[in-house]
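Engineer: One file: work-v3.txt (compact mmCIF, C-alpha atoms).
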# COMPACT_ATOMS: atom_id res chain seq x y z
CA MET A 1 21.62 -69.72 55.74
CA ARG A 2 21.59 -73.13 54.05
CA ALA A 3 18.61 -74.16 56.17
CA PHE A 4 16.77 -70.99 55.19
CA ILE A 5 17.43 -71.54 51.47
CA ALA A 6 16.47 -75.22 51.63
CA PHE A 7 13.23 -74.54 53.48
CA SER A 8 12.44 -71.63 51.14
CA LYS A 9 12.77 -73.97 48.16
CA LYS A 10 10.42 -76.41 49.88
CA GLU A 11 7.90 -73.59 50.51
CA LEU A 12 8.13 -72.38 46.92
CA ILE A 13 7.56 -75.89 45.54
CA GLU A 14 4.63 -76.29 47.92
CA SER A 15 3.15 -72.98 46.73
CA VAL A 16 3.19 -74.37 43.20
CA LYS A 17 1.90 -77.84 44.11
CA THR A 18 -0.96 -76.51 46.24
CA GLN A 19 -1.73 -74.03 43.43
CA ARG A 20 -1.46 -71.11 45.86
CA LEU A 21 0.72 -69.27 43.37
CA THR A 22 -1.47 -70.14 40.39
CA ILE A 23 -4.72 -69.16 42.09
CA LEU A 24 -3.32 -65.86 43.35
CA LEU A 25 -1.94 -64.98 39.91
CA ILE A 26 -5.26 -65.77 38.23
CA VAL A 27 -7.31 -63.85 40.79
CA PHE A 28 -5.17 -60.73 40.56
CA ALA A 29 -4.92 -60.94 36.78
CA ILE A 30 -8.73 -60.82 36.76
CA PHE A 31 -8.66 -57.76 39.03
CA GLY A 32 -6.19 -56.12 36.67
CA ILE A 33 -8.51 -56.73 33.70
CA MET A 34 -11.71 -55.83 35.57
CA SER A 35 -10.64 -52.43 36.87
CA PRO A 36 -10.33 -50.49 33.57
CA LEU A 37 -13.19 -52.41 31.95
CA ILE A 38 -15.60 -51.58 34.76
CA ALA A 39 -14.55 -47.92 34.59
CA LEU A 40 -15.08 -47.95 30.84
CA MET A 41 -18.45 -49.70 30.84
CA LEU A 42 -20.08 -48.32 33.99
CA PRO A 43 -21.44 -45.07 32.45
CA SER A 44 -23.05 -47.07 29.62
CA ILE A 45 -24.53 -49.61 32.02
CA LEU A 46 -26.05 -46.94 34.27
CA ALA A 47 -27.06 -44.53 31.49
CA GLY A 48 -30.76 -43.84 31.64
CA THR A 49 -31.29 -45.73 34.89
CA GLU A 50 -34.17 -44.15 36.80
CA LEU A 51 -33.79 -43.67 40.53
CA ALA A 52 -37.28 -42.21 40.68
CA PRO A 53 -39.79 -40.87 38.15
CA GLY A 54 -38.03 -38.11 36.25
CA MET A 55 -34.62 -38.78 37.93
CA THR A 56 -32.00 -40.58 35.86
CA ILE A 57 -28.32 -41.32 36.40
CA GLU A 58 -25.98 -39.49 34.06
CA LEU A 59 -22.27 -40.14 34.51
CA PRO A 60 -19.47 -38.18 32.81
CA GLU A 61 -17.15 -39.86 30.33
CA PRO A 62 -14.73 -42.17 32.18
CA THR A 63 -11.08 -41.22 32.51
CA ALA A 64 -7.87 -42.93 33.56
CA ILE A 65 -8.51 -41.69 37.11
CA ASP A 66 -11.75 -43.72 37.16
CA SER A 67 -9.79 -46.80 36.09
CA TRP A 68 -7.32 -46.39 38.94
CA MET A 69 -10.14 -45.75 41.41
CA GLN A 70 -11.59 -49.09 40.36
CA PHE A 71 -8.15 -50.68 40.69
CA PHE A 72 -7.63 -49.53 44.27
CA GLY A 73 -11.21 -50.39 45.15
CA ASN A 74 -10.94 -53.95 43.79
CA VAL A 75 -7.46 -54.69 45.12
CA GLY A 76 -8.02 -52.91 48.44
CA GLN A 77 -11.21 -54.86 49.20
CA MET A 78 -11.71 -58.11 47.29
CA GLY A 79 -7.98 -58.44 46.72
CA MET A 80 -7.18 -58.36 50.42
CA ILE A 81 -9.92 -60.91 51.11
CA ALA A 82 -8.25 -63.16 48.54
CA VAL A 83 -4.89 -62.69 50.29
CA LEU A 84 -6.44 -63.66 53.64
CA LEU A 85 -8.07 -66.80 52.24
CA ILE A 86 -5.14 -67.99 50.16
CA PHE A 87 -2.47 -67.48 52.85
CA ALA A 88 -4.68 -68.43 55.81
CA GLY A 89 -2.91 -71.76 56.42
CA ILE A 90 0.63 -70.57 55.75
CA THR A 91 1.83 -71.68 59.20
CA ALA A 92 -1.28 -73.06 60.89
CA THR A 93 -1.69 -76.06 58.56
CA GLU A 94 1.78 -77.53 59.11
CA LEU A 95 1.68 -76.83 62.83
CA SER A 96 -1.68 -78.54 63.26
CA LYS A 97 -0.58 -81.57 61.20
CA GLY A 98 2.83 -81.81 62.86
CA THR A 99 4.69 -82.06 59.55
CA LEU A 100 7.40 -79.69 60.74
CA LEU A 101 8.49 -81.93 63.60
CA PRO A 102 10.76 -84.25 61.53
CA LEU A 103 12.51 -81.25 59.98
CA LEU A 104 13.03 -79.55 63.34
CA THR A 105 14.41 -82.70 64.95
CA LYS A 106 16.94 -82.92 62.12
CA GLY A 107 18.32 -79.49 62.97
CA LEU A 108 16.19 -77.00 61.05
CA PRO A 109 16.33 -73.74 63.07
CA ARG A 110 12.89 -72.60 64.10
CA HIS A 111 13.50 -69.02 63.05
CA SER A 112 14.24 -70.26 59.52
CA VAL A 113 10.70 -71.64 59.32
CA ILE A 114 9.14 -68.24 59.99
CA THR A 115 11.54 -66.20 57.86
CA ALA A 116 11.39 -68.63 54.91
CA LYS A 117 7.60 -68.74 54.96
CA PHE A 118 7.42 -64.96 54.92
CA ALA A 119 10.09 -64.67 52.21
CA VAL A 120 8.24 -67.03 49.86
CA ALA A 121 4.88 -65.41 50.63
CA PHE A 122 6.55 -62.04 49.94
CA LEU A 123 7.64 -63.32 46.52
CA VAL A 124 4.27 -64.90 45.64
CA TRP A 125 2.27 -61.84 46.72
CA SER A 126 4.65 -59.44 44.95
CA LEU A 127 4.40 -61.38 41.67
CA ALA A 128 0.59 -61.42 41.84
CA TYR A 129 0.36 -57.72 42.66
CA LEU A 130 2.84 -56.68 39.96
CA LEU A 131 0.92 -58.78 37.43
CA CYS A 132 -2.33 -57.09 38.43
CA LEU A 133 -0.71 -53.65 38.29
CA GLY A 134 0.90 -54.32 34.93
CA ILE A 135 -2.35 -55.51 33.33
CA ALA A 136 -4.31 -52.58 34.75
CA GLN A 137 -1.67 -50.15 33.50
CA ALA A 138 -1.67 -51.70 30.01
CA TYR A 139 -5.45 -51.55 29.65
CA THR A 140 -5.65 -48.04 31.13
CA ALA A 141 -2.97 -46.77 28.75
CA PHE A 142 -4.80 -48.42 25.84
CA TYR A 143 -8.14 -46.75 26.57
CA TRP A 144 -7.02 -43.38 27.96
CA ASP A 145 -4.14 -40.93 27.98
CA PRO A 146 -1.65 -41.45 30.82
CA VAL A 147 -2.35 -39.77 34.15
CA ASN A 148 0.06 -36.90 34.77
CA ILE A 149 0.98 -37.74 38.36
CA PRO A 150 4.44 -37.05 39.90
CA LEU A 151 6.54 -40.20 40.26
CA PRO A 152 6.72 -40.08 44.11
CA TYR A 153 2.91 -39.97 44.22
CA LEU A 154 2.66 -42.93 41.83
CA LEU A 155 5.17 -45.05 43.72
CA LEU A 156 3.57 -44.32 47.07
CA ALA A 157 0.06 -45.02 45.79
CA PHE A 158 1.00 -48.34 44.19
CA ALA A 159 3.07 -49.38 47.20
CA GLY A 160 0.10 -48.90 49.56
CA PRO A 161 -1.91 -52.08 48.82
CA TRP A 162 1.31 -54.06 48.42
CA ILE A 163 2.66 -53.30 51.89
CA TYR A 164 -0.81 -53.77 53.42
CA GLY A 165 -0.92 -57.23 51.84
CA LEU A 166 2.46 -58.01 53.42
CA LEU A 167 1.09 -56.91 56.78
CA LEU A 168 -1.84 -59.32 56.41
CA ILE A 169 0.57 -62.14 55.59
CA ALA A 170 2.72 -61.32 58.64
CA LEU A 171 -0.42 -61.32 60.83
CA LEU A 172 -1.48 -64.70 59.40
CA ILE A 173 1.97 -66.13 60.18
CA LEU A 174 1.78 -64.81 63.73
CA GLY A 175 -1.79 -66.05 64.11
CA GLY A 176 -0.81 -69.49 62.88
CA VAL A 177 1.82 -69.74 65.62
CA ILE A 178 -0.17 -68.46 68.60
CA VAL A 179 -3.64 -69.78 67.62
CA ARG A 180 -4.21 -73.38 66.64
CA GLY A 181 -5.75 -74.17 63.28
CA GLN A 182 -6.20 -72.40 59.97
CA TYR A 183 -9.54 -70.93 60.97
CA GLY A 184 -8.08 -69.64 64.22
CA SER A 185 -5.30 -67.88 62.31
CA LEU A 186 -7.83 -66.40 59.89
CA LEU A 187 -10.09 -65.26 62.73
CA PHE A 188 -7.13 -63.72 64.55
CA THR A 189 -6.13 -61.68 61.49
CA ALA A 190 -9.69 -60.78 60.51
CA SER A 191 -10.30 -59.49 64.05
CA LEU A 192 -7.31 -57.15 63.80
CA VAL A 193 -8.42 -55.98 60.35
CA LEU A 194 -11.87 -55.25 61.78
CA LEU A 195 -10.25 -53.36 64.65
CA MET A 196 -8.30 -51.22 62.17
CA GLY A 197 -11.57 -50.50 60.39
CA VAL A 198 -13.20 -49.38 63.63
CA ILE A 199 -10.22 -47.16 64.47
CA ASN A 200 -10.57 -45.57 61.04
CA ILE A 201 -13.83 -43.99 62.22
CA TRP A 202 -11.72 -41.34 63.95
CA PRO A 203 -10.30 -39.05 61.22
CA ALA A 204 -7.24 -38.21 63.32
CA ALA A 205 -6.22 -41.89 63.26
CA ASN A 206 -6.33 -42.22 59.45
CA ARG A 207 -2.74 -41.04 58.94
CA PHE A 208 -1.44 -43.81 61.21
CA ASN A 209 -3.84 -46.63 60.29
CA PRO A 210 -2.36 -49.28 57.94
CA SER A 211 -5.81 -50.00 56.50
CA THR A 212 -5.77 -46.59 54.77
CA LEU A 213 -3.06 -47.98 52.48
CA ALA A 214 -5.42 -50.57 51.03
CA ALA A 215 -7.71 -48.22 49.11
CA ASN A 216 -7.48 -44.63 50.34
CA VAL A 217 -4.22 -43.98 48.48
CA VAL A 218 -6.33 -43.24 45.41
CA GLY A 219 -6.52 -39.74 46.94
CA LEU A 220 -2.99 -39.22 45.63
CA PHE A 221 -4.36 -39.49 42.07
CA THR A 222 -7.20 -37.06 42.70
CA GLU A 223 -4.92 -34.63 44.61
CA GLN A 224 -7.16 -34.87 47.66
CA ASN A 225 -4.18 -36.12 49.66
CA ALA A 226 -0.48 -35.40 49.87
CA THR A 227 2.27 -37.98 50.28
CA SER A 228 2.74 -36.83 53.88
CA ASP A 229 -0.79 -38.04 54.67
CA PHE A 230 0.31 -41.67 54.23
CA ILE A 231 3.93 -41.72 55.43
CA PRO A 232 2.98 -42.45 59.10
CA ALA A 233 0.82 -45.41 57.99
CA PHE A 234 3.69 -46.75 55.87
CA ILE A 235 6.13 -46.50 58.76
CA LEU A 236 3.71 -48.09 61.20
CA SER A 237 2.95 -50.91 58.74
CA ALA A 238 6.65 -51.66 58.24
CA VAL A 239 7.24 -51.68 62.01
CA ALA A 240 4.18 -53.90 62.51
CA ILE A 241 5.43 -56.41 59.90
CA VAL A 242 8.81 -56.71 61.60
CA ALA A 243 7.16 -56.91 65.04
CA CYS A 244 4.81 -59.69 63.89
CA LEU A 245 7.71 -61.75 62.55
CA VAL A 246 9.83 -61.21 65.68
CA VAL A 247 6.96 -62.17 68.00
CA ALA A 248 6.15 -65.15 65.77
CA ILE A 249 9.77 -66.37 66.01
CA LEU A 250 9.85 -65.91 69.80
CA ALA A 251 6.50 -67.68 70.22
CA PHE A 252 7.50 -70.49 67.87
CA ASN A 253 10.77 -71.03 69.75
CA LYS A 254 8.75 -71.73 72.92
CA LYS A 255 5.97 -73.70 71.24
CA GLN A 256 5.71 -77.41 71.86
CA LEU A 257 4.90 -79.42 68.73
Have the structure of the file written as structure tokens, please.

Structural biologist:
Amino acid sequence: MRAFIAFSKKELIESVKTQRLTILLIVFAIFGIMSPLIALMLPSILAGTELAPGMTIELPEPTAIDSWMQFFGNVGQMGMIAVLLIFAGITATELSKGTLLPLLTKGLPRHSVITAKFAVAFLVWSLAYLLCLGIAQAYTAFYWDPVNIPLPYLLLAFAGPWIYGLLLIALLILGGVIVRGQYGSLLFTASLVLLMGVINIWPAANRFNPSTLAANVVGLFTEQNATSDFIPAFILSAVAIVACLVVAILAFNKKQL
């Protein structure tokens, strides 16, 4: 446990020194500000725009639902790209440079490396996402009346992008162990994300596909979906996160540095 705590402190300090924490907080703060502002300004921007002679775009007055649709769209797409880029070297960089070798030879358990890296990434990602969510909620409440959505629906919807982000981090950790280099880890994870996107073509697979948690949970706000539509994807995502970490630990235990 002491080794885990010590290495976690080292990872947290490194997240600050490399500005990983700062960059992620700034990026997601921007997403939190952008979402309600885009929803508010979009009808005015597109008002009177002609698609063809005599055909103009007329949008209804924006509502809080529009703000949250923008939120899930921004976080579920650009936000997840930011997560991939910022955490791409979470394990690959140190493994490629060999900086872990002195710590391991001094008795640092290998499993502590994986678990500590995920724990700190969990904290950093959670802080950034909560900041984004808090800003978006504040601006949305300022411009519109609150959305009357049952609490279980709200919690499930907001938890969707968060747990999908954790899955991406777990995949990056696994990729960094089994594939050499930061770009290899990024390519490994991006390939699996692309595969999930391809699988999503089949409607029957949507309920089980973790990628639906990134943006599709907005259907809970519009009452197009029920909570039961996303429970299988949540369960599968949680299992996949644990599986990625277990496989990463097993692979790292056998890896020669």

Engineer: List the neighbours of range 87-102 of chain A out to 7 Å using all atoms listed in the file; skip same-chain residues closer than 3 positions along the sequence, and give me the result as a list in words.

Structural biologist: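 These residues fall inside the cut-off: Val83, Leu84, Thr105, Lys106, Ile169, Leu172, Ile173, Gly176, Val177, Arg180, Gly181, Gln182, Ser185, Leu186 and Leu257 of chain A.
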
Engineer: For the atom pair CA of Val75 in chain A and CA of Phe31 in chain A, what is the interatomic distance in Å to one decimal place?

Structural biologist: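 CA of Val75 in chain A sits 6.9 Å away from CA of Phe31 in chain A.
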
Engineer: Find the residues around range 242-249 of chain A up to 7 Å (all atoms listed in the file counted), leave out those fewer than 2 positions away in its own chain, and share them as number ranges by chain.

Structural biologist: A: 111, 114, 170-171, 174, 177, 238-240, 251-253

Engineer: Near range 196-213 of chain A, within 9 Å and counting all atoms listed in the file, which residues show up once chain neighbours fewer than 2 positions away are dropped, as a JSON list (two decimals) with C-alpha atoms, in the coordinates of the input?

Structural biologist:
[["chain", "number", "residue", "atom", "x", "y", "z"],
["A", 76, "GLY", "CA", -8.02, -52.91, 48.44],
["A", 157, "ALA", "CA", 0.06, -45.02, 45.79],
["A", 159, "ALA", "CA", 3.07, -49.38, 47.20],
["A", 160, "GLY", "CA", 0.10, -48.90, 49.56],
["A", 161, "PRO", "CA", -1.91, -52.08, 48.82],
["A", 162, "TRP", "CA", 1.31, -54.06, 48.42],
["A", 163, "ILE", "CA", 2.66, -53.30, 51.89],
["A", 164, "TYR", "CA", -0.81, -53.77, 53.42],
["A", 167, "LEU", "CA", 1.09, -56.91, 56.78],
["A", 191, "SER", "CA", -10.30, -59.49, 64.05],
["A", 192, "LEU", "CA", -7.31, -57.15, 63.80],
["A", 193, "VAL", "CA", -8.42, -55.98, 60.35],
["A", 194, "LEU", "CA", -11.87, -55.25, 61.78],
["A", 215, "ALA", "CA", -7.71, -48.22, 49.11],
["A", 216, "ASN", "CA", -7.48, -44.63, 50.34],
["A", 217, "VAL", "CA", -4.22, -43.98, 48.48],
["A", 228, "SER", "CA", 2.74, -36.83, 53.88],
["A", 229, "ASP", "CA", -0.79, -38.04, 54.67],
["A", 230, "PHE", "CA", 0.31, -41.67, 54.23],
["A", 231, "ILE", "CA", 3.93, -41.72, 55.43],
["A", 232, "PRO", "CA", 2.98, -42.45, 59.10],
["A", 233, "ALA", "CA", 0.82, -45.41, 57.99],
["A", 234, "PHE", "CA", 3.69, -46.75, 55.87],
["A", 235, "ILE", "CA", 6.13, -46.50, 58.76],
["A", 236, "LEU", "CA", 3.71, -48.09, 61.20],
["A", 237, "SER", "CA", 2.95, -50.91, 58.74]]

Engineer: Mind pulling up the distance from CA of Ala121 in chain A to CA of Ser35 in chain A?

Structural biologist: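 Computing the Euclidean distance for CA of Ser35 in chain A and CA of Ala121 in chain A yields 24.5 Å.
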
Engineer: What is the CA of Ile33 in chain A to CA of Trp144 in chain A distance in Å?

Structural biologist: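 Taking CA of Ile33 in chain A and CA of Trp144 in chain A, their separation equals 14.6 Å.
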
Engineer: Using only C-alpha atoms, which residue out of A:Met34, A:Ile5, A:Leu155, A:Leu166 lies closest to Val124 in chain A?

Structural biologist: A:Leu166

Engineer: Calculated over only C-alpha atoms, which of the candidates A:Trp68, A:Trp125, A:Phe7, A:Phe221 has the smallest distance to Leu154 in chain A?

Structural biologist: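 Comparing A:Trp68, A:Trp125, A:Phe7, A:Phe221 against Leu154 in chain A, the winner is A:Phe221.
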
Engineer: Pick out the closest residue to Phe71 in chain A from this set: A:Leu127, A:Val16, A:Leu37, A:Leu187. Count only C-alpha atoms.

Structural biologist: A:Leu37

Engineer: Name all residues at most 10 Å from range 40-42 of chain A (count all atoms listed in the file; drop same-chain ones fewer than 4 positions away) and give them as a PDB file with C-alpha atoms, in the coordinates of the input.

Structural biologist:
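Just written: part.pdb:
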ATOM      1  CA  MET A  34     -11.710 -55.830  35.570  1.00  0.00           C
ATOM      2  CA  SER A  35     -10.640 -52.430  36.870  1.00  0.00           C
ATOM      3  CA  PRO A  36     -10.330 -50.490  33.570  1.00  0.00           C
ATOM      4  CA  LEU A  46     -26.050 -46.940  34.270  1.00  0.00           C
ATOM      5  CA  ALA A  47     -27.060 -44.530  31.490  1.00  0.00           C
ATOM      6  CA  LEU A  59     -22.270 -40.140  34.510  1.00  0.00           C
ATOM      7  CA  GLU A  61     -17.150 -39.860  30.330  1.00  0.00           C
ATOM      8  CA  PRO A  62     -14.730 -42.170  32.180  1.00  0.00           C
ATOM      9  CA  THR A  63     -11.080 -41.220  32.510  1.00  0.00           C
ATOM     10  CA  ALA A  64      -7.870 -42.930  33.560  1.00  0.00           C
ATOM     11  CA  ASP A  66     -11.750 -43.720  37.160  1.00  0.00           C
ATOM     12  CA  SER A  67      -9.790 -46.800  36.090  1.00  0.00           C
ATOM     13  CA  THR A 140      -5.650 -48.040  31.130  1.00  0.00           C
ATOM     14  CA  TYR A 143      -8.140 -46.750  26.570  1.00  0.00           C
ATOM     15  CA  TRP A 144      -7.020 -43.380  27.960  1.00  0.00           C
TER      16      TRP A 144
END

Engineer: With 10 Å as the threshold, what does the neighbourhood of (-5.2, -64.0, 41.1) contain in terms of residues, counting only C-alpha atoms? Coordinates are those of the file; answer as number ranges by chain.

Structural biologist: A: 20-32, 79, 82-83, 86, 125, 127-129, 131-132
